[in-house]
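Visitor: I'd like to ask you about the structure that follows.
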Amino acid sequence: MNSPDTLLDISIVIPLYNEEESLNELYNRLSQVLDGLGKTYEIIFIDDGSTDSSYEILGQLYDQTYNVKIYQFRKNYGKSAALSHGFSMARGEIVITMDADLQDDPKEIPALISKIESGYDLVSGWKKKRYDPFIKKHSSKLFNWTTRVVSGLHIHDMNCGLKAYRKSVIKSVSIYGQLHRFIPMLAHWQGFNVGELEVQHHPRKYGKTKFGPSRFAAGIFDLLTITFLNRFNKRPLHLFGSIGLLNLLAGSAISIYLAFYWIFIKSSLSNRPILFLGILLIIVGVQFISIGLLGEMITKSSHPEIEYSIKNSLE
Ligand code: UDP
Ligand code: MG
């Protein structure tokens with residue numbers, strides 16, 4: 001293995017969970033492609049708490065080769081955690097992530113690298129023709145559409161395992177929870193140049209998918225969290241205050257109307273159910289504004305985070 005400080009051209013980061021059947025074939029196909037590039041590289045496997053013989057197989061690979069690194073999690077922490085650890089260990093100028101199940105094709109790597117070299121900071125694979133079950137294909141389409149609308153980033157396939165990053169991207173975008181699928185969006189918001197490349201996808205050859213249908217709901221919640229944290233974290237009053245103000249205005253309009261009615265028409269309000277709506281809207285409005293103000297107080301007293309991303313510096 002190279003010394004820990006040497007910089008390499010390429011790091012391949014592969015999270016895996018119970019993929020024993022695929023690993024040898026994956027390594028062989030990968031090293032064939034990478035050896036042909038004439039660049040220095042490492043392959044980082046993160047065993048996300050596998051309970052099959054994945055780790056033993058990786059151990060044999062480690063003994064037989066010189067450019068493989070292996071990390072084993074104590075338990076299954078999820079793909080994001082695995083990617084995150086892989087990123088922090090990677091020493092390559094370009095970091096490429098891929099799945100371990102042979103659904104992503106190592107043959108796409110040279111094209112990803114040239115696209116990065118042509119000026120992109122992040123290139124996301126686009127499985128134009130997908131080999132996944134019907135429900136997954138279509139829920140993923142809906143998810144991608146929603147994400148495009150929310151993020152303003154027009155790429156087709158956020159969730160593709162095959163992506164290439166310049167080192168600067170992974171050093172400045174932090175991921176947590178199941179948020180790995182939003183890295184392109186976070187990078188875009190930070191001003192990085194994000195592109196996509198059509199890639200070949202294959203059906204799963206061995207084993208089965210590690211994500212159930214709950215993934216879709218999780219994806220939507222994550223989208224909400226990430227949008228909120230990134231867009232309004234520094235100014236919660238803008239979000240809660242505007243909702244509150246709308247409610248308050250509507251409630252006040254109703255109450256003013258009823259007040260005129262009561263004063264000039266001199267009729268009782270006891271038969272006007274809209275009175276309750278007016279009161280409700282005012283209370284809800286005041287509450288939203290108060291939540292926004294509380295949020296502002298919390299933001300101001302918490303530690304300031306870096307709000308910008310530096311591209312170059314000449315000192
Ligand atoms: N994976 C992981 N930890 C998990 C679930 C999945 O490291 O908790 C890995 C898995 O082994 C594979 C990749 O993430 O290499 C993508 O998972 P999978 O193929 O099950 O997802 P799908 O292709 O169905 O989207
Ligand atoms: Mg897969």
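Every chain in the structure tokens has a letter given in the order shown (A, B, ...), and although residue numbers restart at 1 in each chain, ligands are simply numbered from 1 in the order shown.
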What does the list of residues within 10 Å of ligand 2 look like if you count only C-alpha atoms and all ligand atoms, written as a PDB file with N, CA and C atoms, in the first residue's frame?

Guide:
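Dumped to out_39.pdb:
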ATOM      1  N   LEU A  16     -20.758  -1.533   0.861  1.00  0.00           N
ATOM      2  CA  LEU A  16     -21.392  -2.827   0.584  1.00  0.00           C
ATOM      3  C   LEU A  16     -21.973  -3.443   1.837  1.00  0.00           C
ATOM      4  N   MET A  98     -19.341   3.808  -6.376  1.00  0.00           N
ATOM      5  CA  MET A  98     -20.198   2.873  -7.108  1.00  0.00           C
ATOM      6  C   MET A  98     -20.748   1.805  -6.176  1.00  0.00           C
ATOM      7  N   ASP A  99     -21.845   1.174  -6.590  1.00  0.00           N
ATOM      8  CA  ASP A  99     -22.427   0.106  -5.790  1.00  0.00           C
ATOM      9  C   ASP A  99     -21.620  -1.173  -5.966  1.00  0.00           C
ATOM     10  N   ALA A 100     -21.775  -2.087  -5.019  1.00  0.00           N
ATOM     11  CA  ALA A 100     -20.976  -3.306  -5.065  1.00  0.00           C
ATOM     12  C   ALA A 100     -21.693  -4.446  -5.783  1.00  0.00           C
ATOM     13  N   ASP A 101     -22.938  -4.218  -6.200  1.00  0.00           N
ATOM     14  CA  ASP A 101     -23.749  -5.346  -6.662  1.00  0.00           C
ATOM     15  C   ASP A 101     -23.668  -5.593  -8.160  1.00  0.00           C
ATOM     16  N   LEU A 102     -22.700  -4.963  -8.827  1.00  0.00           N
ATOM     17  CA  LEU A 102     -22.477  -5.126 -10.268  1.00  0.00           C
ATOM     18  C   LEU A 102     -23.577  -4.488 -11.109  1.00  0.00           C
ATOM     19  N   GLN A 103     -24.454  -3.689 -10.480  1.00  0.00           N
ATOM     20  CA  GLN A 103     -25.466  -2.983 -11.281  1.00  0.00           C
ATOM     21  C   GLN A 103     -24.815  -1.802 -12.003  1.00  0.00           C
ATOM     22  N   ASP A 104     -23.796  -1.223 -11.385  1.00  0.00           N
ATOM     23  CA  ASP A 104     -23.044  -0.144 -12.041  1.00  0.00           C
ATOM     24  C   ASP A 104     -21.883  -0.767 -12.806  1.00  0.00           C
ATOM     25  N   TYR A 131     -32.683  -1.175 -14.978  1.00  0.00           N
ATOM     26  CA  TYR A 131     -33.100  -2.564 -14.808  1.00  0.00           C
ATOM     27  C   TYR A 131     -33.496  -2.790 -13.359  1.00  0.00           C
ATOM     28  N   ASP A 132     -34.598  -2.189 -12.971  1.00  0.00           N
ATOM     29  CA  ASP A 132     -35.084  -2.318 -11.599  1.00  0.00           C
ATOM     30  C   ASP A 132     -36.557  -2.669 -11.660  1.00  0.00           C
ATOM     31  N   CYS A 160     -28.325   7.636  -8.475  1.00  0.00           N
ATOM     32  CA  CYS A 160     -27.427   6.672  -9.112  1.00  0.00           C
ATOM     33  C   CYS A 160     -26.194   6.470  -8.227  1.00  0.00           C
ATOM     34  N   GLY A 161     -25.820   5.196  -8.017  1.00  0.00           N
ATOM     35  CA  GLY A 161     -24.669   4.916  -7.164  1.00  0.00           C
ATOM     36  C   GLY A 161     -23.361   5.362  -7.797  1.00  0.00           C
ATOM     37  N   HIS A 201     -26.723   0.512 -17.088  1.00  0.00           N
ATOM     38  CA  HIS A 201     -27.159  -0.085 -15.825  1.00  0.00           C
ATOM     39  C   HIS A 201     -27.447  -1.555 -16.073  1.00  0.00           C
ATOM     40  N   HIS A 202     -27.257  -2.380 -15.056  1.00  0.00           N
ATOM     41  CA  HIS A 202     -27.524  -3.810 -15.223  1.00  0.00           C
ATOM     42  C   HIS A 202     -28.490  -4.296 -14.161  1.00  0.00           C
ATOM     43  N   PRO A 203     -29.221  -5.388 -14.447  1.00  0.00           N
ATOM     44  CA  PRO A 203     -30.068  -5.959 -13.390  1.00  0.00           C
ATOM     45  C   PRO A 203     -29.178  -6.534 -12.290  1.00  0.00           C
ATOM     46  N   ARG A 204     -29.697  -6.630 -11.097  1.00  0.00           N
ATOM     47  CA  ARG A 204     -28.923  -7.218 -10.002  1.00  0.00           C
ATOM     48  C   ARG A 204     -28.675  -8.691 -10.301  1.00  0.00           C
ATOM     49  N   LYS A 205     -27.410  -9.094 -10.217  1.00  0.00           N
ATOM     50  CA  LYS A 205     -27.059 -10.462 -10.600  1.00  0.00           C
ATOM     51  C   LYS A 205     -27.214 -11.415  -9.418  1.00  0.00           C
ATOM     52  N   TYR A 206     -26.694 -11.003  -8.268  1.00  0.00           N
ATOM     53  CA  TYR A 206     -26.764 -11.856  -7.069  1.00  0.00           C
ATOM     54  C   TYR A 206     -27.471 -11.108  -5.947  1.00  0.00           C
ATOM     55  N   GLY A 207     -27.933 -11.862  -4.948  1.00  0.00           N
ATOM     56  CA  GLY A 207     -28.500 -11.241  -3.746  1.00  0.00           C
ATOM     57  C   GLY A 207     -29.717 -10.395  -4.082  1.00  0.00           C
ATOM     58  N   LYS A 208     -30.181  -9.612  -3.091  1.00  0.00           N
ATOM     59  CA  LYS A 208     -31.326  -8.762  -3.398  1.00  0.00           C
ATOM     60  C   LYS A 208     -31.105  -7.341  -2.874  1.00  0.00           C
ATOM     61  N   THR A 209     -31.990  -6.426  -3.290  1.00  0.00           N
ATOM     62  CA  THR A 209     -31.808  -5.026  -2.897  1.00  0.00           C
ATOM     63  C   THR A 209     -31.871  -4.881  -1.378  1.00  0.00           C
ATOM     64  N   LYS A 210     -31.121  -3.899  -0.864  1.00  0.00           N
ATOM     65  CA  LYS A 210     -31.054  -3.722   0.582  1.00  0.00           C
ATOM     66  C   LYS A 210     -32.030  -2.651   1.056  1.00  0.00           C
ATOM     67  N   PHE A 211     -32.767  -2.081   0.127  1.00  0.00           N
ATOM     68  CA  PHE A 211     -33.708  -1.027   0.501  1.00  0.00           C
ATOM     69  C   PHE A 211     -35.130  -1.465   0.196  1.00  0.00           C
TER      70      PHE A 211
END

Visitor: Among range 63-252 of chain A, which residues carry a DSSP assignment of alpha helix (DSSP H), reported as a ChimeraX atom specification?

Guide: /A:63-64,79-89,109-117,134-151,167-172,183-189,214-231,236-252

Visitor: Could you tell me how far CA of Ile43 in chain A sits from CA of Arg29 in chain A, in Å to one decimal place?

Guide: 12.2 Å

Visitor: Can you work out the spacing between CA of Tyr41 in chain A and CA of Asp157 in chain A in Å, to one decimal?

Guide: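 Spanning CA of Tyr41 in chain A to CA of Asp157 in chain A is a straight-line distance of 26.5 Å.
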
Visitor: Determine the nearest neighbour of ligand 1 from the options A:Ser151, A:Thr299, A:Ser140, A:Gln64, counting only C-alpha atoms and all ligand atoms.

Guide: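 Of A:Ser151, A:Thr299, A:Ser140, A:Gln64, the one nearest ligand 1, counting only C-alpha atoms and all ligand atoms, is A:Ser140.
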
Visitor: So which one's closest to ligand 1, A:Met158, A:Ile291, A:Ala111, A:Leu239? Using only C-alpha atoms and all ligand atoms, please.

Guide: A:Met158

Visitor: Check the smallest atom-to-atom distance from each of A:Leu58, A:Ile283, A:Ile44, A:Leu248 to Ser22 in chain A using only C-alpha atoms, then report the winner.

Guide: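 Among the listed residues, the smallest separation from Ser22 in chain A belongs to A:Leu58.
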
Visitor: Using Å and a single decimal, report how far CA of Gly78 in chain A sits from atom 17 (O, counted along the ligand's line) of ligand 1.

Guide: 9.5 Å

Visitor: Quick one: residues within 12 Å of Thr40 in chain A, only C-alpha atoms, excluding same-chain residues fewer than 3 positions away - as a PDB file with N, CA and C atoms, in the first residue's frame?

Guide:
ATOM      1  N   MET A   1       0.855  -1.212   0.000  1.00  0.00           N
ATOM      2  CA  MET A   1       0.000   0.000   0.000  1.00  0.00           C
ATOM      3  C   MET A   1       0.877   1.243   0.000  1.00  0.00           C
ATOM      4  N   ASN A   2       0.446   2.290  -0.701  1.00  0.00           N
ATOM      5  CA  ASN A   2       1.187   3.546  -0.691  1.00  0.00           C
ATOM      6  C   ASN A   2       1.168   4.142   0.711  1.00  0.00           C
ATOM      7  N   THR A   6       0.554   9.932   0.435  1.00  0.00           N
ATOM      8  CA  THR A   6       0.673  10.093  -1.016  1.00  0.00           C
ATOM      9  C   THR A   6      -0.678  10.441  -1.616  1.00  0.00           C
ATOM     10  N   LEU A   7      -0.634  11.384  -2.547  1.00  0.00           N
ATOM     11  CA  LEU A   7      -1.863  11.699  -3.260  1.00  0.00           C
ATOM     12  C   LEU A   7      -1.966  10.775  -4.466  1.00  0.00           C
ATOM     13  N   LEU A   8      -3.159  10.356  -4.753  1.00  0.00           N
ATOM     14  CA  LEU A   8      -3.365   9.467  -5.891  1.00  0.00           C
ATOM     15  C   LEU A   8      -4.223  10.192  -6.918  1.00  0.00           C
ATOM     16  N   ASP A   9      -4.307   9.623  -8.102  1.00  0.00           N
ATOM     17  CA  ASP A   9      -5.181  10.231  -9.110  1.00  0.00           C
ATOM     18  C   ASP A   9      -6.641   9.906  -8.813  1.00  0.00           C
ATOM     19  N   ILE A  10      -6.887   8.644  -8.471  1.00  0.00           N
ATOM     20  CA  ILE A  10      -8.291   8.212  -8.373  1.00  0.00           C
ATOM     21  C   ILE A  10      -8.537   7.353  -7.131  1.00  0.00           C
ATOM     22  N   SER A  11      -9.644   7.611  -6.439  1.00  0.00           N
ATOM     23  CA  SER A  11     -10.116   6.707  -5.380  1.00  0.00           C
ATOM     24  C   SER A  11     -11.478   6.180  -5.795  1.00  0.00           C
ATOM     25  N   ILE A  12     -11.666   4.884  -5.684  1.00  0.00           N
ATOM     26  CA  ILE A  12     -12.986   4.314  -5.915  1.00  0.00           C
ATOM     27  C   ILE A  12     -13.550   3.959  -4.538  1.00  0.00           C
ATOM     28  N   SER A  31     -10.402  -3.536 -11.707  1.00  0.00           N
ATOM     29  CA  SER A  31      -8.962  -3.340 -11.836  1.00  0.00           C
ATOM     30  C   SER A  31      -8.554  -3.412 -13.302  1.00  0.00           C
ATOM     31  N   LEU A  34      -9.247   0.090 -14.527  1.00  0.00           N
ATOM     32  CA  LEU A  34      -8.369   1.092 -13.921  1.00  0.00           C
ATOM     33  C   LEU A  34      -6.923   0.926 -14.366  1.00  0.00           C
ATOM     34  N   ASP A  35      -6.481  -0.334 -14.514  1.00  0.00           N
ATOM     35  CA  ASP A  35      -5.101  -0.554 -14.956  1.00  0.00           C
ATOM     36  C   ASP A  35      -4.881   0.035 -16.348  1.00  0.00           C
ATOM     37  N   GLY A  36      -5.932   0.017 -17.146  1.00  0.00           N
ATOM     38  CA  GLY A  36      -5.815   0.528 -18.509  1.00  0.00           C
ATOM     39  C   GLY A  36      -5.714   2.043 -18.587  1.00  0.00           C
ATOM     40  N   LEU A  37      -5.945   2.734 -17.468  1.00  0.00           N
ATOM     41  CA  LEU A  37      -5.971   4.197 -17.514  1.00  0.00           C
ATOM     42  C   LEU A  37      -4.597   4.830 -17.349  1.00  0.00           C
ATOM     43  N   ILE A  43      -8.739   1.361  -4.275  1.00  0.00           N
ATOM     44  CA  ILE A  43     -10.149   0.962  -4.201  1.00  0.00           C
ATOM     45  C   ILE A  43     -10.488   0.792  -2.720  1.00  0.00           C
ATOM     46  N   TYR A  66      -2.396  -4.776  -3.914  1.00  0.00           N
ATOM     47  CA  TYR A  66      -1.665  -3.736  -3.188  1.00  0.00           C
ATOM     48  C   TYR A  66      -2.410  -2.404  -3.141  1.00  0.00           C
ATOM     49  N   ASN A  67      -3.550  -2.315  -3.839  1.00  0.00           N
ATOM     50  CA  ASN A  67      -4.202  -1.000  -3.898  1.00  0.00           C
ATOM     51  C   ASN A  67      -5.625  -1.014  -3.342  1.00  0.00           C
ATOM     52  N   ARG A  91      -7.850   9.396  -0.897  1.00  0.00           N
ATOM     53  CA  ARG A  91      -6.719  10.294  -1.150  1.00  0.00           C
ATOM     54  C   ARG A  91      -6.627  10.702  -2.611  1.00  0.00           C
ATOM     55  N   GLY A  92      -7.591  10.297  -3.403  1.00  0.00           N
ATOM     56  CA  GLY A  92      -7.536  10.595  -4.839  1.00  0.00           C
ATOM     57  C   GLY A  92      -7.979  12.011  -5.156  1.00  0.00           C
ATOM     58  N   GLU A  93      -7.438  12.544  -6.245  1.00  0.00           N
ATOM     59  CA  GLU A  93      -7.878  13.859  -6.734  1.00  0.00           C
ATOM     60  C   GLU A  93      -9.303  13.765  -7.242  1.00  0.00           C
ATOM     61  N   ILE A  94      -9.633  12.600  -7.824  1.00  0.00           N
ATOM     62  CA  ILE A  94     -11.002  12.350  -8.264  1.00  0.00           C
ATOM     63  C   ILE A  94     -11.514  11.143  -7.474  1.00  0.00           C
TER      64      ILE A  94
END

Visitor: Could you give me the residues within range 70-194 of chain A that DSSP places in strand (DSSP E or B), as a list in words?

Guide: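 DSSP-assigned strand (DSSP E or B) residues in range 70-194 of chain A: Ile70, Tyr71, Gln72, Gly92, Glu93, Ile94, Val95, Ile96, Thr97, Asp104, Leu122, Val123, Ser124, Gly125, Trp126, Lys163, Ala164, Tyr165, Arg166 and Val194 of chain A.
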
Visitor: Any chance you could export the current selection's N, CA and C atoms as a JSON list (two decimals), in the first residue's frame?

Guide:
[["chain", "number", "residue", "atom", "x", "y", "z"],
["A", 70, "ILE", "N", -9.71, -1.55, 3.16],
["A", 70, "ILE", "CA", -10.98, -2.12, 3.62],
["A", 70, "ILE", "C", -11.30, -1.59, 5.01],
["A", 71, "TYR", "N", -12.53, -1.16, 5.19],
["A", 71, "TYR", "CA", -12.99, -0.75, 6.52],
["A", 71, "TYR", "C", -14.25, -1.54, 6.83],
["A", 72, "GLN", "N", -14.32, -2.06, 8.03],
["A", 72, "GLN", "CA", -15.51, -2.84, 8.40],
["A", 72, "GLN", "C", -16.25, -2.12, 9.52],
["A", 92, "GLY", "N", -7.59, 10.30, -3.40],
["A", 92, "GLY", "CA", -7.54, 10.60, -4.84],
["A", 92, "GLY", "C", -7.98, 12.01, -5.16],
["A", 93, "GLU", "N", -7.44, 12.54, -6.24],
["A", 93, "GLU", "CA", -7.88, 13.86, -6.73],
["A", 93, "GLU", "C", -9.30, 13.76, -7.24],
["A", 94, "ILE", "N", -9.63, 12.60, -7.82],
["A", 94, "ILE", "CA", -11.00, 12.35, -8.26],
["A", 94, "ILE", "C", -11.51, 11.14, -7.47],
["A", 95, "VAL", "N", -12.70, 11.28, -6.91],
["A", 95, "VAL", "CA", -13.27, 10.19, -6.13],
["A", 95, "VAL", "C", -14.51, 9.67, -6.85],
["A", 96, "ILE", "N", -14.56, 8.37, -7.05],
["A", 96, "ILE", "CA", -15.69, 7.78, -7.76],
["A", 96, "ILE", "C", -16.41, 6.81, -6.83],
["A", 97, "THR", "N", -17.72, 6.95, -6.71],
["A", 97, "THR", "CA", -18.47, 6.00, -5.89],
["A", 97, "THR", "C", -19.22, 5.04, -6.81],
["A", 104, "ASP", "N", -23.80, -1.22, -11.39],
["A", 104, "ASP", "CA", -23.04, -0.14, -12.04],
["A", 104, "ASP", "C", -21.88, -0.77, -12.81],
["A", 122, "LEU", "N", -18.65, 17.71, -10.20],
["A", 122, "LEU", "CA", -19.36, 16.48, -9.84],
["A", 122, "LEU", "C", -20.10, 15.98, -11.08],
["A", 123, "VAL", "N", -19.94, 14.72, -11.38],
["A", 123, "VAL", "CA", -20.70, 14.16, -12.50],
["A", 123, "VAL", "C", -21.52, 12.98, -11.97],
["A", 124, "SER", "N", -22.83, 13.07, -12.16],
["A", 124, "SER", "CA", -23.72, 12.04, -11.63],
["A", 124, "SER", "C", -24.13, 11.12, -12.77],
["A", 125, "GLY", "N", -24.10, 9.82, -12.51],
["A", 125, "GLY", "CA", -24.54, 8.88, -13.53],
["A", 125, "GLY", "C", -26.04, 8.99, -13.75],
["A", 126, "TRP", "N", -26.45, 8.74, -14.99],
["A", 126, "TRP", "CA", -27.89, 8.77, -15.29],
["A", 126, "TRP", "C", -28.23, 7.43, -15.93],
["A", 163, "LYS", "N", -21.04, 7.86, -9.33],
["A", 163, "LYS", "CA", -20.84, 9.30, -9.43],
["A", 163, "LYS", "C", -19.35, 9.60, -9.33],
["A", 164, "ALA", "N", -18.93, 10.69, -9.93],
["A", 164, "ALA", "CA", -17.52, 11.09, -9.80],
["A", 164, "ALA", "C", -17.46, 12.49, -9.21],
["A", 165, "TYR", "N", -16.51, 12.69, -8.31],
["A", 165, "TYR", "CA", -16.39, 13.98, -7.62],
["A", 165, "TYR", "C", -14.95, 14.46, -7.68],
["A", 166, "ARG", "N", -14.78, 15.76, -7.79],
["A", 166, "ARG", "CA", -13.48, 16.33, -7.49],
["A", 166, "ARG", "C", -13.32, 16.31, -5.97],
["A", 194, "VAL", "N", -22.19, 21.04, -11.45],
["A", 194, "VAL", "CA", -22.68, 19.66, -11.41],
["A", 194, "VAL", "C", -23.21, 19.24, -12.78]]

Visitor: Would you list the contacts of His180 in chain A as a list in words, taking every protein, DNA or RNA residue within 12 Å and counting only C-alpha atoms, but skipping same-chain residues closer than 5 positions in sequence?

Guide: Pro15, Gly78, Lys79, Ser80, Ala81, Ala82, Leu83, Ser84, His85, Phe87, Thr97, Met158, Asn159, Cys160, Gly161, Leu162, Lys163, Ile170, Val173, Ser174, Ile175, Met185, Leu186, Ala187, Gly219, Asp222, Leu223 and Ile226 of chain A

Visitor: Which is closer to Thr225 in chain A than all the others in A:Phe182, A:Leu314, A:Leu237, A:Leu258, using only C-alpha atoms?

Guide: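 Residue with the minimum atom-to-atom distance to Thr225 in chain A: A:Phe182.
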